[in-house]
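Let me begin by presenting the structure, written as structure tokens, before commenting on it.
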Amino acid sequence: MSDTEEKQDDVPTGEVEPSSEETEVLDEEPRNLILAIVSQLRMNMDLSRVPLPTFILEPRSMLEKLTDFMTHGELLIAALKVQDPIDRMVAVTKWYLSGFYIRPAGVKKPYNPILGETFRCSWKFDETTPTHYVSEQVSHHPPISALYISNRKEGFNMTASIHPRSKFLGTSAASILEGEATLNCIDLDEQYTITFPSVYARGILFGTLLMEMVGTVNISCAKTGLKTEIEFKAKPFFGGDYDVIVGKIKNAKSETLYTINGKWHSAMTITHAKSKQTSPFLDPKGSRRSPMNVRPLDQQEETESQRMWAAVTDAIKKRDQKIATDEKTKLEQAQREGVQQRKESGATWTPKLFYTTDGGKTWAYRYQYNAPYDPSEGEEREQDGIVFPSNVGIKTVTDNAHNPSGMSGSSSSSNPPSDEEGDN
């Protein structure tokens with residue numbers, strides 16, 4: 001077990017405690033329920049199959065939660081306009097760090113998406129053309145979420161495959177976010193590979209419930225050789241503080257060009273390695289959030305996150321845990337029945353919007369379009385999860401999509417099995 005995993009959950013007298021906005025103190029009944037669950041767990045046990053009480057659920061799907069890192073997408077669009085490669089890496093790093101501060105108090109887990117669930121939205125950053133986001137749960141056990149983001153007029157698209165892996169650590173629980181995102185800078189002919197920190201839930205057995213980001217992440221560009229390394233630090237048992245990050249931006253020779261220090265949810269500074277000059281870098285809490293545009297529930301498909309989980313979300317917001325549990329159970333039972341039907345018919349699940357060529361490790365968007373933007377195209381549009389140029393039309397895009405099964409969804413044998421039975 002690592003030093004991080006051995007860290008205790010109580011805070012010694014005189015140590016810096018997290019703010020009340022970041023923590024939650026459970027009443028006796030929910031605390032006893034958690035203790036009853038914990039009593040049945042083993043060290044390093046996989047938590048993805050453990051039914052969790054609804055009072056620790058954040059009332060939105062993981063597919064929607066993944067939009068947080070695009071809340072300040074205007075920073076990404078501005079970064080792509082920076083001419084100097086080093087300054088551009090600095091700007092991309094600023095965008096990357098801008099969304100982590102968005103979190104509920106205490107420890108809340110988003111819904112584990114149902115197989116085939118989708119989420120779609122868009123933003124207009126600083127009056128730019130729409131940036132479209134589409135995502136799909138391509139596997140349930142192991143849970144894998146795939147996403148695609150596009151604004152080719154502003155010069156980028158992005159794909160990601162996120163594999164949350166949860167385990168019990170005795171006095172805490174961890175959600176290790178495996179997988180990576182690839183930011184494709186179309187006009188610059190650059191790609192940035194991005195990884196994500198893990199999430200640790202502290203205070204499960206005693207003390208105050210709180211969440212920590214932990215681990216080392218990387219942002220790397222193969223073309224320029226530039227790389228950002230950021231360590232999300234766990235608070236030491238003695239001394240130290242919560243939510244600290246330490247980052248370095250390095251060149252192709254692994255020489256440090258800049259260092260970044262601060263807290264991932266508040267003020268950060270950047271220091272030039274040679275001049276030692278320090279300046280403010282980012283304080284996301286004081287930034288204006290760009291609104292996310294999502295269609296009303298009555299215009300969404302049954303498989304879309306907000307509509308699919310609407311009854312559960314409504315009950316959680318009303319603090320009616322019985323109804324929330326009943327509605328969550330209905331969704332899970334429907335998923336089990338789908339698994340059984342496919343087993344009986346010999347079919348396996350084929351995602352509608354994404355495909356894999358490596359057995360399920362990484363997933364690509366079927367309709368990804370990497371050509372530089374042509375003004376004659378008009379705005380990009382999104383329909384049924386398909387992003388396409390206005391002057392091309394959705395039929396042309398679908399006819400030319402990467403579609404290994406020859407069909408666009410439901411059951412087929414072209415992808416590896418990805419719908420094992422399990423709970424959220």
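Within each chain, counting starts at residue 1; across the structure tokens, chains are named A, B, ... in the order shown, with ligands numbered 1 upward in that order.
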*asked:* Env of stretch 259-267 of chain A: 10 Å cut, atoms = only C-alpha atoms, seq-sep filter 2 positions within chain, self excluded. Answer as a ChimeraX atom specification.
replied: /A:90,93-94,97-103,213,228-233,241-250,256-257,269-273,276,278-286
Each residue of stretch 115-233 of chain A lying at most 12 Å from stretch 353-373 of chain A should get a row with its shortest atom-to-atom pair and the distance in Å to one decimal, counting only C-alpha atoms; could you produce that, ordered by chain and increasing number, as CSV?
```
residue,atom,partner,partner_atom,distance
A:Gly116,CA,A:Leu353,CA,9.5
A:Glu117,CA,A:Leu353,CA,10.8
A:Thr118,CA,A:Leu353,CA,9.1
A:Phe119,CA,A:Leu353,CA,11.3
A:Arg120,CA,A:Leu353,CA,11.6
A:Tyr133,CA,A:Tyr365,CA,11.4
A:Val134,CA,A:Leu353,CA,8.6
A:Ser135,CA,A:Leu353,CA,8.0
A:Glu136,CA,A:Leu353,CA,7.0
A:Gln137,CA,A:Phe354,CA,9.4
A:Val138,CA,A:Phe354,CA,7.4
A:Ser139,CA,A:Gly360,CA,8.5
A:His140,CA,A:Gly360,CA,11.7
A:His141,CA,A:Gly360,CA,11.4
A:Pro142,CA,A:Gly360,CA,9.9
A:Pro143,CA,A:Gly360,CA,10.9
A:Ile144,CA,A:Gly360,CA,8.8
A:Ser145,CA,A:Trp363,CA,9.0
A:Ala146,CA,A:Trp363,CA,6.4
A:Leu147,CA,A:Tyr365,CA,7.6
A:Tyr148,CA,A:Tyr365,CA,6.5
A:Ile149,CA,A:Gln368,CA,9.5
A:Ser150,CA,A:Gln368,CA,8.6
A:Asn151,CA,A:Tyr373,CA,9.1
A:Arg152,CA,A:Tyr373,CA,5.6
A:Lys153,CA,A:Tyr373,CA,5.3
A:Glu154,CA,A:Tyr373,CA,8.2
A:Gly155,CA,A:Pro372,CA,7.3
A:Phe156,CA,A:Asn370,CA,8.4
A:Asn157,CA,A:Asn370,CA,7.7
A:Met158,CA,A:Gln368,CA,9.1
A:Thr159,CA,A:Ala364,CA,6.7
A:Ala160,CA,A:Trp363,CA,7.3
A:Ser161,CA,A:Thr362,CA,5.8
A:Ile162,CA,A:Thr362,CA,8.7
A:His163,CA,A:Lys361,CA,8.8
A:Glu178,CA,A:Lys361,CA,9.9
A:Gly179,CA,A:Thr362,CA,7.5
A:Glu180,CA,A:Thr362,CA,8.4
A:Ala181,CA,A:Thr362,CA,9.7
A:Thr182,CA,A:Ala364,CA,10.2
A:Leu183,CA,A:Asn370,CA,11.6
A:Asn184,CA,A:Asn370,CA,8.3
A:Cys185,CA,A:Asn370,CA,9.3
A:Ile186,CA,A:Pro372,CA,6.1
A:Asp187,CA,A:Pro372,CA,6.3
A:Leu188,CA,A:Pro372,CA,9.8
A:Asp189,CA,A:Pro372,CA,9.8
A:Glu190,CA,A:Asn370,CA,11.9
A:Gln191,CA,A:Asn370,CA,11.9
```
_Please list as number ranges by chain every residue within 12 Å of A:Ser376, counting only C-alpha atoms and excluding residues in the same chain fewer than 5 positions away._
A: 153, 389-392
*So which bits of stretch 104-143 of chain A end up strand (DSSP E) when you DSSP the backbone, as a ChimeraX atom specification?*
/A:109-111,118-123,131-139
Give me the residues near A:Leu177 as an mmCIF file with C-alpha atoms, in the first residue's frame, where near means some atom within 10 Å (using only C-alpha atoms) and where sequence neighbours in that chain fewer than 6 positions away do not count.
```cif
data_model
loop_
_atom_site.group_PDB
_atom_site.id
_atom_site.type_symbol
_atom_site.label_atom_id
_atom_site.label_comp_id
_atom_site.auth_asym_id
_atom_site.auth_seq_id
_atom_site.Cartn_x
_atom_site.Cartn_y
_atom_site.Cartn_z
ATOM 1 C CA SER A 161 -11.905 7.324 -22.624
ATOM 2 C CA ILE A 162 -12.251 7.410 -18.832
ATOM 3 C CA HIS A 163 -12.051 4.201 -16.765
ATOM 4 C CA PRO A 164 -12.909 4.837 -13.082
ATOM 5 C CA ARG A 165 -11.591 2.015 -10.891
ATOM 6 C CA SER A 166 -12.775 2.098 -7.271
ATOM 7 C CA THR A 195 -4.347 12.234 -17.868
ATOM 8 C CA PHE A 196 -6.412 12.819 -14.721
ATOM 9 C CA PRO A 197 -5.937 12.605 -10.922
ATOM 10 C CA SER A 198 -7.578 10.050 -8.668
ATOM 11 C CA VAL A 199 -10.239 10.931 -6.103
ATOM 12 C CA GLY A 215 -1.793 11.651 -7.972
#
```
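Among the candidates A:Ala252, A:Ala347, A:Val312, A:Met43, the one nearest to A:Phe168 when counting only C-alpha atoms is A:Met43.
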*Within 8 Å of stretch 316-327 of chain A, counting only C-alpha atoms, which residues show up once you throw out same-chain ones fewer than 2 positions away? Write them as an MDAnalysis selection string, please.*
chainID A and resid 53:55 59 311:314 329:331
